[in-house]
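To be precise, the following lines are data_15.txt, and they hold compact mmCIF, C-alpha atoms.
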```txt
# COMPACT_ATOMS: atom_id res chain seq x y z
CA MET G 1192 20.13 -15.24 0.75
CA SER G 1193 23.67 -14.29 1.80
CA LYS G 1194 25.73 -16.55 4.07
CA ASN G 1195 27.06 -13.43 5.81
CA LYS G 1196 25.59 -13.82 9.32
CA LYS G 1197 25.64 -10.12 10.07
CA PHE G 1198 23.79 -9.34 6.85
CA LEU G 1199 21.38 -12.23 7.40
CA GLY G 1200 20.42 -10.93 10.84
CA ASN G 1201 19.70 -7.46 9.44
CA ALA G 1202 17.80 -8.93 6.49
CA ILE G 1203 15.51 -11.01 8.70
CA LEU G 1204 14.72 -8.02 10.92
CA LEU G 1205 14.01 -5.86 7.86
CA CYS G 1206 11.66 -8.50 6.47
CA VAL G 1207 9.72 -8.78 9.74
CA LEU G 1208 9.49 -5.01 10.12
CA GLY G 1209 8.51 -4.66 6.48
CA VAL G 1210 5.60 -7.07 6.90
CA VAL G 1211 4.40 -5.11 9.94
CA PHE G 1212 4.81 -1.81 8.05
CA MET G 1213 2.66 -3.06 5.18
CA PHE G 1214 0.11 -4.63 7.53
CA LEU G 1215 -0.40 -1.31 9.32
CA TYR G 1216 -0.24 0.74 6.13
CA SER G 1217 -2.77 -1.40 4.28
CA GLY G 1218 -5.19 -1.20 7.18
CA LEU G 1219 -4.83 2.50 7.90
CA GLN G 1220 -4.68 3.67 4.30
CA ASN G 1221 -7.83 2.08 2.88
CA ASP G 1222 -9.07 -1.08 4.53
CA GLN G 1223 -10.08 0.47 7.84
CA ILE G 1224 -12.92 2.34 6.14
CA GLY G 1225 -14.70 -1.01 5.89
CA ILE G 1226 -14.47 -1.33 9.66
CA ILE G 1227 -15.53 2.26 10.29
CA GLN G 1228 -18.52 2.11 7.93
CA ALA G 1229 -19.67 -1.19 9.42
CA PHE G 1230 -20.08 0.38 12.87
CA ILE G 1231 -20.89 4.01 12.03
CA THR G 1232 -23.95 3.99 9.79
CA GLU G 1233 -26.60 6.53 8.90
CA GLU G 1234 -29.28 3.91 9.54
CA GLY G 1235 -27.89 3.38 13.05
CA GLY G 1236 -27.96 7.09 13.84
CA GLY G 1237 -24.35 7.78 12.86
CA TRP G 1238 -22.71 9.80 10.14
CA SER G 1239 -23.30 8.93 6.47
CA ALA G 1240 -20.92 6.83 4.38
CA ASN G 1241 -19.88 9.95 2.46
CA ALA G 1242 -19.15 11.77 5.74
CA THR G 1243 -16.94 8.98 7.10
CA GLN G 1244 -15.20 8.65 3.72
CA LEU G 1245 -14.52 12.40 3.39
CA PRO G 1246 -11.48 12.69 5.73
CA MET G 1247 -9.88 9.75 3.90
CA THR G 1248 -10.45 11.46 0.57
CA VAL G 1249 -9.04 14.79 1.78
CA GLY G 1250 -6.12 12.85 3.26
CA ASN G 1251 -5.55 11.15 -0.10
CA ILE G 1252 -5.25 14.58 -1.69
CA ALA G 1253 -2.85 15.80 1.00
CA CYS G 1254 -0.72 12.70 0.47
CA ILE G 1255 0.05 13.87 -3.05
CA VAL G 1256 2.20 16.60 -1.53
CA LEU G 1257 3.29 14.54 1.48
CA THR G 1258 4.69 11.79 -0.74
CA PHE G 1259 7.14 14.31 -2.15
CA VAL G 1260 7.83 15.70 1.34
CA TYR G 1261 8.46 12.27 2.87
CA GLY G 1262 10.65 11.23 -0.04
CA THR G 1263 12.70 14.41 0.22
CA LEU G 1264 13.15 13.88 3.97
CA PHE G 1265 14.35 10.34 3.27
CA VAL G 1266 16.90 11.61 0.76
CA LYS G 1267 18.19 14.27 3.17
CA TYR G 1268 17.94 12.56 6.56
CA GLY G 1269 17.57 8.84 5.89
CA VAL G 1270 14.57 6.67 6.67
CA LYS G 1271 14.54 6.27 10.45
CA LYS G 1272 14.23 9.85 11.74
CA PRO G 1273 11.26 10.95 9.58
CA LEU G 1274 9.53 7.58 10.09
CA ILE G 1275 9.69 7.74 13.88
CA ALA G 1276 8.46 11.34 14.04
CA VAL G 1277 5.54 10.90 11.65
CA MET G 1278 4.31 7.62 13.14
CA ALA G 1279 4.42 9.02 16.67
CA ILE G 1280 2.05 11.79 15.50
CA THR G 1281 -0.11 9.17 13.77
CA ALA G 1282 -0.44 7.19 17.00
CA VAL G 1283 -1.75 10.27 18.79
CA ALA G 1284 -4.25 10.83 15.96
CA ILE G 1285 -5.55 7.26 16.32
CA LEU G 1286 -6.30 8.01 19.97
CA GLY G 1287 -8.20 11.03 18.65
CA MET G 1288 -10.41 8.68 16.60
CA VAL G 1289 -11.10 6.70 19.77
CA ALA G 1290 -12.09 9.88 21.62
CA ALA G 1291 -14.29 11.07 18.72
CA ASN G 1292 -16.66 8.08 19.13
CA GLY G 1293 -19.84 8.47 16.98
CA LEU G 1294 -20.38 4.69 16.95
CA ASP G 1295 -23.87 3.30 16.44
CA CYS G 1296 -23.52 1.26 19.64
CA SER G 1297 -22.87 4.47 21.61
CA GLY G 1298 -25.82 6.37 20.24
CA GLY G 1299 -24.55 7.41 16.83
CA ALA G 1300 -23.76 10.98 15.83
CA ALA G 1301 -25.20 12.34 19.08
CA SER G 1302 -22.40 10.64 21.02
CA GLY G 1303 -19.63 11.75 18.68
CA ASN G 1304 -17.52 14.71 17.67
CA TYR G 1305 -17.31 14.77 13.89
CA VAL G 1306 -14.73 17.57 13.77
CA LEU G 1307 -12.36 15.53 15.96
CA PHE G 1308 -13.15 12.39 13.94
CA PHE G 1309 -12.39 14.21 10.68
CA ILE G 1310 -9.10 15.71 11.89
CA ALA G 1311 -7.91 12.48 13.50
CA LEU G 1312 -8.76 10.23 10.54
CA PHE G 1313 -7.21 12.77 8.16
CA ILE G 1314 -3.92 12.74 10.11
CA VAL G 1315 -3.92 8.94 10.29
CA ARG G 1316 -4.39 8.70 6.52
CA CYS G 1317 -1.57 11.19 5.93
CA GLY G 1318 0.79 9.60 8.43
CA CYS G 1319 0.43 5.95 7.41
CA MET G 1320 1.79 6.71 3.93
CA ILE G 1321 5.29 6.95 5.38
CA LEU G 1322 5.18 3.28 6.46
CA GLN G 1323 4.91 2.06 2.90
CA MET G 1324 7.54 4.47 1.60
CA ALA G 1325 9.95 3.57 4.42
CA GLY G 1326 9.55 -0.16 3.89
CA PHE G 1327 10.08 0.16 0.14
CA MET G 1328 13.16 2.34 0.50
CA LEU G 1329 14.77 0.04 3.04
CA VAL G 1330 14.31 -2.96 0.73
CA ALA G 1331 15.60 -0.98 -2.25
CA ASN G 1332 18.63 0.09 -0.20
CA TRP G 1333 19.51 -3.36 1.13
CA PHE G 1334 18.72 -5.59 -1.86
CA ILE G 1335 19.38 -5.61 -5.60
CA ARG G 1336 19.67 -9.23 -6.80
CA LEU G 1337 16.84 -10.41 -4.52
CA ARG G 1338 14.86 -7.17 -4.68
CA GLY G 1339 11.65 -8.70 -6.00
CA GLN G 1340 11.51 -11.70 -3.68
CA ILE G 1341 12.29 -9.66 -0.56
CA MET G 1342 9.70 -7.09 -1.59
CA GLY G 1343 7.32 -10.01 -2.09
CA ILE G 1344 7.91 -11.15 1.48
CA VAL G 1345 7.47 -7.65 2.90
CA THR G 1346 4.24 -6.95 1.02
CA VAL G 1347 2.60 -10.07 2.43
CA GLY G 1348 1.50 -7.60 5.10
CA SER G 1349 -1.14 -6.14 2.76
CA PRO G 1350 -3.23 -9.26 2.03
CA LEU G 1351 -2.55 -10.38 5.61
CA PHE G 1352 -4.55 -7.39 6.85
CA SER G 1353 -7.37 -8.43 4.54
CA VAL G 1354 -7.43 -11.74 6.42
CA ILE G 1355 -7.10 -10.82 10.09
CA GLY G 1356 -7.71 -7.11 9.78
CA THR G 1357 -10.80 -6.31 7.73
CA ALA G 1358 -12.51 -9.69 8.10
CA GLY G 1359 -11.27 -10.77 11.52
CA MET G 1360 -11.59 -7.41 13.22
CA THR G 1361 -15.04 -6.67 11.78
CA SER G 1362 -16.33 -9.98 13.06
CA LEU G 1363 -14.55 -9.64 16.45
CA ILE G 1364 -15.79 -6.09 16.98
CA LYS G 1365 -19.35 -7.12 16.16
CA THR G 1366 -19.50 -10.31 18.22
CA GLN G 1367 -17.17 -9.61 21.17
CA PHE G 1368 -17.15 -5.82 21.53
CA GLY G 1369 -20.79 -5.14 20.66
CA GLY G 1370 -19.88 -2.96 17.69
CA ASP G 1371 -17.31 -0.85 19.60
CA TYR G 1372 -14.10 -0.62 17.53
CA ARG G 1373 -12.20 1.53 20.04
CA PRO G 1374 -10.30 -1.37 21.70
CA PHE G 1375 -9.07 -2.34 18.21
CA TYR G 1376 -7.60 1.11 17.63
CA ILE G 1377 -5.95 1.21 21.06
CA GLY G 1378 -4.27 -2.07 20.13
CA VAL G 1379 -3.01 -0.47 16.92
CA VAL G 1380 -1.41 2.36 18.91
CA VAL G 1381 0.41 -0.12 21.15
CA LEU G 1382 1.71 -1.98 18.09
CA ILE G 1383 2.96 1.26 16.51
CA MET G 1384 4.92 2.22 19.62
CA VAL G 1385 6.59 -1.21 19.81
CA VAL G 1386 7.54 -0.99 16.13
CA LEU G 1387 9.06 2.46 16.57
CA LEU G 1388 11.28 1.23 19.40
CA VAL G 1389 12.57 -1.58 17.18
CA VAL G 1390 13.19 0.87 14.34
CA ALA G 1391 15.06 3.28 16.61
CA PHE G 1392 17.46 0.69 18.01
CA GLY G 1393 17.50 -2.20 15.56
CA ILE G 1394 18.02 -1.10 11.95
CA LYS G 1395 20.29 0.93 9.66
CA ASP G 1396 19.14 2.91 6.64
CA THR G 1397 21.62 1.24 4.26
CA PRO G 1398 23.88 -1.84 4.37
CA GLU G 1399 26.87 0.46 3.92
CA GLU G 1400 26.08 2.08 7.30
CA ALA G 1401 26.49 -1.37 8.85
CA GLY G 1402 29.73 -2.06 6.98
CA LEU G 1403 27.98 -4.30 4.44
CA TYR G 1404 26.97 -4.37 0.78
CA PRO G 1405 23.53 -5.06 -0.80
CA ASP G 1406 22.46 -8.73 -0.74
CA GLY G 1407 25.37 -9.48 1.63
CA ALA G 1408 27.85 -9.39 -1.24
CA ASP G 1409 31.58 -8.97 -0.60
CA HIS G 1410 31.90 -6.08 -3.04
CA ALA G 1411 30.10 -2.90 -4.06
CA PRO G 1412 27.41 -3.24 -6.78
CA ALA G 1413 28.96 -3.47 -10.26
CA SER G 1414 26.07 -1.43 -11.70
CA GLU G 1415 26.74 1.58 -9.46
CA LYS G 1416 29.80 3.19 -11.01
CA GLY G 1417 30.36 6.91 -10.52
CA ASP G 1418 28.93 9.40 -8.07
CA GLU G 1419 25.31 9.42 -6.97
CA VAL G 1420 23.21 12.19 -8.52
CA HIS G 1421 19.99 13.28 -6.81
CA LEU G 1422 17.46 13.94 -9.55
CA THR G 1423 15.54 17.22 -9.46
CA VAL G 1424 11.83 17.60 -10.16
CA GLY G 1425 12.58 19.11 -13.56
CA GLN G 1426 14.95 16.32 -14.56
CA VAL G 1427 12.43 13.61 -13.72
CA LEU G 1428 9.48 15.30 -15.41
CA LYS G 1429 11.42 15.67 -18.67
CA GLU G 1430 11.99 11.92 -18.96
CA LYS G 1431 9.69 9.70 -21.01
CA LYS G 1432 10.29 6.75 -18.69
CA ALA G 1433 9.00 8.75 -15.74
CA TRP G 1434 5.67 9.36 -17.46
CA GLN G 1435 5.43 5.73 -18.50
CA LEU G 1436 5.76 4.80 -14.82
CA ILE G 1437 3.31 7.50 -13.76
CA VAL G 1438 0.57 6.26 -16.09
CA SER G 1439 1.07 2.51 -15.58
CA TYR G 1440 1.18 2.37 -11.81
CA GLY G 1441 -1.00 5.43 -11.45
CA ALA G 1442 -3.70 3.28 -13.06
CA PHE G 1443 -2.96 0.15 -11.00
CA THR G 1444 -2.90 2.12 -7.73
CA PHE G 1445 -6.17 3.84 -8.66
CA ILE G 1446 -7.84 0.44 -8.90
CA ILE G 1447 -6.72 -0.62 -5.42
CA ASN G 1448 -7.95 2.61 -3.82
CA ALA G 1449 -11.25 2.47 -5.71
CA CYS G 1450 -12.01 -1.17 -4.88
CA MET G 1451 -10.73 -1.34 -1.31
CA GLY G 1452 -12.21 2.02 -0.34
CA SER G 1453 -15.70 1.18 -1.59
CA MET G 1454 -16.06 -2.60 -1.20
CA ALA G 1455 -17.93 -2.38 2.13
CA ILE G 1456 -20.51 0.07 0.85
CA ARG G 1457 -20.91 -2.00 -2.36
CA TYR G 1458 -21.94 -5.09 -0.41
CA ILE G 1459 -24.01 -3.11 2.08
CA THR G 1460 -26.08 -1.65 -0.77
CA LEU G 1461 -26.67 -5.20 -1.99
CA GLY G 1462 -28.40 -6.30 1.20
CA GLY G 1463 -27.09 -4.54 4.30
CA ILE G 1464 -24.41 -5.30 6.89
CA GLU G 1465 -25.16 -9.05 6.81
CA VAL G 1466 -24.18 -9.29 3.13
CA TRP G 1467 -20.95 -7.40 3.87
CA LEU G 1468 -20.14 -9.64 6.84
CA GLY G 1469 -20.80 -12.67 4.64
CA ALA G 1470 -18.48 -11.27 1.99
CA THR G 1471 -15.65 -10.73 4.50
CA LYS G 1472 -15.58 -14.50 5.12
CA TYR G 1473 -14.78 -15.14 1.47
CA LEU G 1474 -12.38 -12.22 1.45
CA ALA G 1475 -10.49 -13.97 4.26
CA ILE G 1476 -10.47 -17.33 2.47
CA GLY G 1477 -9.37 -15.77 -0.81
CA ALA G 1478 -6.75 -13.63 0.89
CA ILE G 1479 -5.27 -16.62 2.73
CA LEU G 1480 -4.95 -18.49 -0.56
CA GLY G 1481 -3.63 -15.36 -2.23
CA ILE G 1482 -0.97 -14.39 0.33
CA PRO G 1483 1.68 -16.38 -1.60
CA MET G 1484 0.90 -14.14 -4.59
CA SER G 1485 3.00 -11.38 -3.02
CA TYR G 1486 6.03 -13.64 -3.19
CA VAL G 1487 5.03 -15.03 -6.59
CA PHE G 1488 4.97 -11.54 -8.08
CA GLY G 1489 8.33 -10.81 -6.44
CA LEU G 1490 9.77 -14.01 -7.93
CA LEU G 1491 8.39 -13.06 -11.34
CA ASP G 1492 10.10 -9.68 -10.95
CA ASP G 1493 13.48 -11.30 -10.26
CA LYS G 1494 13.15 -13.83 -13.07
CA LEU G 1495 11.33 -11.91 -15.81
CA GLY G 1496 11.95 -8.29 -14.94
CA SER G 1497 9.55 -5.72 -13.53
CA VAL G 1498 7.85 -4.79 -16.79
CA LYS G 1499 6.69 -8.30 -17.78
CA ALA G 1500 5.69 -9.08 -14.20
CA SER G 1501 3.64 -5.85 -14.14
CA MET G 1502 1.71 -6.89 -17.23
CA VAL G 1503 0.67 -10.10 -15.46
CA LEU G 1504 -0.43 -7.98 -12.50
CA GLY G 1505 -2.53 -5.70 -14.68
CA ILE G 1506 -4.49 -8.65 -16.04
CA CYS G 1507 -5.06 -9.91 -12.48
CA GLU G 1508 -6.51 -6.53 -11.47
CA LEU G 1509 -9.49 -7.19 -13.71
CA ILE G 1510 -10.61 -10.05 -11.43
CA PRO G 1511 -11.80 -8.07 -8.37
CA VAL G 1512 -13.30 -5.32 -10.54
CA ILE G 1513 -15.40 -7.72 -12.61
CA CYS G 1514 -16.46 -9.76 -9.57
CA LEU G 1515 -17.66 -6.64 -7.74
CA MET G 1516 -19.36 -5.39 -10.89
CA LEU G 1517 -21.39 -8.58 -11.40
CA GLN G 1518 -22.49 -9.06 -7.76
CA PRO G 1519 -26.31 -9.50 -7.58
CA MET G 1520 -28.59 -8.44 -4.72
CA GLY G 1521 -27.85 -10.60 -1.71
CA GLY G 1522 -24.43 -11.44 -3.05
CA SER G 1523 -23.07 -14.41 -5.04
CA VAL G 1524 -20.74 -16.87 -3.30
CA PRO G 1525 -18.71 -17.76 -6.44
CA LEU G 1526 -18.23 -14.08 -7.23
CA MET G 1527 -17.28 -13.38 -3.60
CA VAL G 1528 -14.63 -16.10 -3.80
CA GLY G 1529 -13.29 -14.67 -7.06
CA TRP G 1530 -13.36 -11.18 -5.59
CA GLY G 1531 -11.45 -12.28 -2.49
CA PHE G 1532 -8.74 -13.96 -4.56
CA GLY G 1533 -8.54 -10.97 -6.90
CA VAL G 1534 -8.12 -8.59 -3.97
CA ALA G 1535 -5.30 -10.74 -2.61
CA CYS G 1536 -3.51 -10.65 -5.97
CA MET G 1537 -4.07 -6.91 -6.22
CA THR G 1538 -3.05 -5.97 -2.68
CA GLY G 1539 -0.09 -8.33 -2.83
CA GLY G 1540 1.00 -7.55 -6.38
CA VAL G 1541 0.81 -3.77 -6.63
CA PRO G 1542 2.80 -3.01 -3.45
CA THR G 1543 5.39 -5.62 -4.49
CA LEU G 1544 5.95 -4.50 -8.05
CA HIS G 1545 5.37 -0.75 -7.69
CA PRO G 1546 8.72 -0.01 -5.97
CA CYS G 1547 10.42 -2.77 -7.95
CA ILE G 1548 9.62 -1.21 -11.32
CA THR G 1549 10.78 2.24 -10.13
CA ALA G 1550 14.06 0.70 -8.93
CA TYR G 1551 14.21 -1.23 -12.22
CA VAL G 1552 14.04 2.00 -14.21
CA TYR G 1553 16.16 4.27 -11.97
CA GLY G 1554 18.42 1.97 -9.94
CA ARG G 1555 18.99 1.68 -6.20
CA ARG G 1556 20.70 5.00 -5.57
CA GLU G 1557 18.25 7.16 -7.54
CA TYR G 1558 15.15 5.24 -6.51
CA GLN G 1559 13.87 7.68 -3.89
CA SER G 1560 14.82 10.92 -5.63
CA ALA G 1561 12.71 9.76 -8.59
CA ASN G 1562 10.02 7.94 -6.60
CA ARG G 1563 9.08 10.98 -4.48
CA ILE G 1564 8.05 12.80 -7.67
CA ILE G 1565 6.58 9.93 -9.68
CA MET G 1566 4.56 8.55 -6.79
CA ALA G 1567 3.21 11.98 -5.86
CA ILE G 1568 1.78 12.44 -9.36
CA GLN G 1569 0.41 8.89 -9.41
CA LEU G 1570 -1.58 9.69 -6.28
CA ILE G 1571 -3.50 12.59 -7.87
CA PRO G 1572 -6.22 10.47 -9.53
CA SER G 1573 -6.03 7.84 -6.78
CA ALA G 1574 -6.89 10.48 -4.18
CA VAL G 1575 -10.51 10.62 -5.35
CA ALA G 1576 -10.89 6.98 -6.42
CA ALA G 1577 -12.66 5.69 -3.31
CA MET G 1578 -14.93 8.72 -3.01
CA MET G 1579 -15.81 8.49 -6.71
CA MET G 1580 -16.84 4.85 -6.36
CA THR G 1581 -18.69 5.44 -3.07
CA MET G 1582 -20.73 8.25 -4.63
CA LEU G 1583 -21.51 6.26 -7.78
CA ILE G 1584 -22.52 3.17 -5.77
CA THR G 1585 -24.73 5.07 -3.32
CA SER G 1586 -26.41 6.93 -6.21
CA GLY G 1587 -27.27 3.69 -8.01
CA LYS G 1588 -24.60 3.99 -10.73
CA ALA G 1589 -22.30 1.17 -9.67
CA MET G 1590 -22.11 -0.28 -13.21
CA VAL G 1591 -20.82 3.03 -14.55
CA GLY G 1592 -18.15 3.09 -11.85
CA TYR G 1593 -16.91 -0.42 -12.56
CA GLY G 1594 -16.91 0.27 -16.30
CA ILE G 1595 -14.58 3.19 -15.60
CA LEU G 1596 -12.31 0.92 -13.54
CA ILE G 1597 -12.04 -1.62 -16.38
CA ALA G 1598 -11.00 1.19 -18.74
CA VAL G 1599 -8.35 2.35 -16.23
CA VAL G 1600 -6.86 -1.16 -16.04
CA VAL G 1601 -6.60 -1.29 -19.84
CA ILE G 1602 -4.81 2.08 -19.89
CA GLY G 1603 -2.37 0.80 -17.27
CA LEU G 1604 -1.64 -2.33 -19.32
CA ILE G 1605 -0.98 -0.32 -22.48
CA ALA G 1606 1.38 2.06 -20.65
CA THR G 1607 3.26 -0.89 -19.14
CA ALA G 1608 3.64 -2.57 -22.53
CA THR G 1609 5.41 0.54 -23.88
CA MET G 1610 8.20 -0.05 -21.32
CA LEU G 1611 9.26 -3.51 -22.56
CA LYS G 1612 12.47 -2.21 -24.14
CA ILE G 1613 13.71 -0.44 -20.99
CA GLU G 1614 16.65 -2.26 -19.35
CA ASP G 1615 17.05 -2.73 -15.58
CA ALA G 1616 19.31 0.04 -14.24
CA ASN G 1617 20.99 -2.53 -11.96
CA ALA G 1618 21.04 -5.31 -14.57
CA ALA G 1619 24.70 -6.18 -13.88
CA ASP G 1620 23.76 -7.18 -10.33
CA ARG G 1621 20.53 -9.00 -11.17
CA SER G 1622 20.13 -12.73 -11.91
CA TYR G 1623 18.78 -12.06 -15.42
CA GLY G 1624 21.53 -9.51 -16.08
CA GLY G 1625 24.12 -12.06 -17.18
CA LYS G 1626 25.21 -13.31 -13.73
```
In structure tokens, what does this structure look like?
Amino acid sequence: MSKNKKFLGNAILLCVLGVVFMFLYSGLQNDQIGIIQAFITEEGGGWSANATQLPMTVGNIACIVLTFVYGTLFVKYGVKKPLIAVMAITAVAILGMVAANGLDCSGGAASGNYVLFFIALFIVRCGCMILQMAGFMLVANWFIRLRGQIMGIVTVGSPLFSVIGTAGMTSLIKTQFGGDYRPFYIGVVVLIMVVLLVVAFGIKDTPEEAGLYPDGADHAPASEKGDEVHLTVGQVLKEKKAWQLIVSYGAFTFIINACMGSMAIRYITLGGIEVWLGATKYLAIGAILGIPMSYVFGLLDDKLGSVKASMVLGICELIPVICLMLQPMGGSVPLMVGWGFGVACMTGGVPTLHPCITAYVYGRREYQSANRIIMAIQLIPSAVAAMMMTMLITSGKAMVGYGILIAVVVIGLIATATMLKIEDANAADRSYGGK
């Protein structure tokens, strides 16, 4: 890390904010469905699993377009202004989920308003996407040489939610709140408002805006000669490297959405809520042990390059898929442990390496103009991943679903391997670039 005290202060704040961004994003994007489906159940008089999953799925589809919209706003107006506006709307939508009720402990569907629930959860899913994109762009703007390791620190927020979010909150809500998750969501709103105040008054979009250079260097990046060119949709879609990125991380992202969005219902079908609550304990243990994997993948990125690190990640994605696939009725402790560790690798590794490999291919200054297009396309199959798995599991075809996921991982690995000859766009400023 730089010895420049001004840069160091900004870097520490960015890291802390980035962890919080990813913590909130991970929970609101996918993981919260495990909390919702634990306390709104058809057996308890509430809405069905498919009904509670539906607004998330529709939101996933909307995020295909919103990813491009958010990215374009970042390019035109910077990170802070769009982030503050979108997350303020998201906070209001979370309060809408609280008002919608429908919880088993309150009388189920009779006590709820499904239309309000659907609209609110849909907006939350659409809004939380900007947290991830903002965190990634800030890291890409402020760091080149240490890009992977800083991204690895920031993305610790994802497996961290698996520890104290999914597992901790599910247990707390059940034992202390009698199955009422509304206090949890009110707490989330308070956290969002505090974060937005810090964003508004504490950070800059780029180091140059603060009179600094990336990594706290005393000179402009050697790899950024010439004027910045904002890539158009047509320019990106004509490039082979764009499609290689789309397929590789489109596959890896699909696996996260499929597994995290359906894990609760998978365990519930294997023996009810008690099996799921038992599984969350091992998820927490595995996630705690796996939290360092976020940084490990970031370190691998800085030392080996994003492509080789991504191949390691692809292999690791097989772990949670296979462990979920082989779970017997009543659950298996060894498989739950393996699943928990695999989830930690997956939720730590994909968020860390996904922006890194895009920056690797396009460079710091063209990262977002390319990412807004590539990421939007990657989200098309991922939008239906959780719903696909939920429907297959509830219809008794779980093995078919997990077989599909294994095939998707293999496709992702093959696509990544085809990128081995691509050189880092910022190689002159990276530790493996001859420095």
- Item | atom CA of Phe1265 of chain G to atom CA of Leu1491 of chain G, straight-line distance in Å | 28.2 Å
- Task: Quick one: everything within 8 Å of segment 1537-1548 of chain G, counting only C-alpha atoms, minus sequence neighbours fewer than 3 positions away in the same chain. Send it as number ranges by chain.
- Result: G: 1327, 1331, 1338-1339, 1342-1343, 1345-1347, 1349-1350, 1436, 1440, 1443-1444, 1447, 1481-1482, 1484-1485, 1488-1489, 1492, 1497-1498, 1500-1501, 1504, 1507-1508, 1533-1534, 1551-1552
- Suppose you want the space between atom CA of Ala1202 of chain G and atom CA of Phe1392 of chain G; what is it in Å?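 Between atom CA of Ala1202 of chain G and atom CA of Phe1392 of chain G the gap is 15.0 Å.
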Show me as a PDB file with C-alpha atoms, in the frame of the given file the residues that reach within 9 Å of (-13.4, -6.1, -5.3), counting only C-alpha atoms and using the file's own coordinates.
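Listed below is the output, point.pdb:
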```pdb
ATOM      1  CA  ILE G1447      -6.720  -0.620  -5.420  1.00  0.00           C
ATOM      2  CA  ALA G1449     -11.250   2.470  -5.710  1.00  0.00           C
ATOM      3  CA  CYS G1450     -12.010  -1.170  -4.880  1.00  0.00           C
ATOM      4  CA  MET G1451     -10.730  -1.340  -1.310  1.00  0.00           C
ATOM      5  CA  SER G1453     -15.700   1.180  -1.590  1.00  0.00           C
ATOM      6  CA  MET G1454     -16.060  -2.600  -1.200  1.00  0.00           C
ATOM      7  CA  ILE G1510     -10.610 -10.050 -11.430  1.00  0.00           C
ATOM      8  CA  PRO G1511     -11.800  -8.070  -8.370  1.00  0.00           C
ATOM      9  CA  VAL G1512     -13.300  -5.320 -10.540  1.00  0.00           C
ATOM     10  CA  ILE G1513     -15.400  -7.720 -12.610  1.00  0.00           C
ATOM     11  CA  CYS G1514     -16.460  -9.760  -9.570  1.00  0.00           C
ATOM     12  CA  LEU G1515     -17.660  -6.640  -7.740  1.00  0.00           C
ATOM     13  CA  MET G1516     -19.360  -5.390 -10.890  1.00  0.00           C
ATOM     14  CA  MET G1527     -17.280 -13.380  -3.600  1.00  0.00           C
ATOM     15  CA  GLY G1529     -13.290 -14.670  -7.060  1.00  0.00           C
ATOM     16  CA  TRP G1530     -13.360 -11.180  -5.590  1.00  0.00           C
ATOM     17  CA  GLY G1531     -11.450 -12.280  -2.490  1.00  0.00           C
ATOM     18  CA  GLY G1533      -8.540 -10.970  -6.900  1.00  0.00           C
ATOM     19  CA  VAL G1534      -8.120  -8.590  -3.970  1.00  0.00           C
TER      20      VAL G1534
END
```
- Kindly indicate which residue among G:Val1210, G:Ile1341, G:Val1389, G:Cys1317 lies nearest to Val1256 of chain G, using only C-alpha atoms for the distances.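 Distance minimum relative to Val1256 of chain G lands on G:Cys1317.
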- Message: Using all atoms listed in the file, which protein or nucleic acid residues come within 7 Å of Phe1212 of chain G? Drop anything in the same chain fewer than 2 positions from it, and give the result as a ChimeraX atom specification.
- Response: /G:1208-1210,1214-1216,1322-1323,1326
- Task: Find the residues around segment 1292-1300 of chain G up to 8 Å (all atoms listed in the file counted), leave out those fewer than 4 positions away in its own chain, and share them as a list of chain:residue names.
- Result: G:Phe1230, G:Ile1231, G:Thr1232, G:Gly1235, G:Gly1236, G:Gly1237, G:Trp1238, G:Met1288, G:Asn1304, G:Tyr1305, G:Phe1308, G:Gly1369, G:Gly1370, G:Asp1371, G:Arg1373
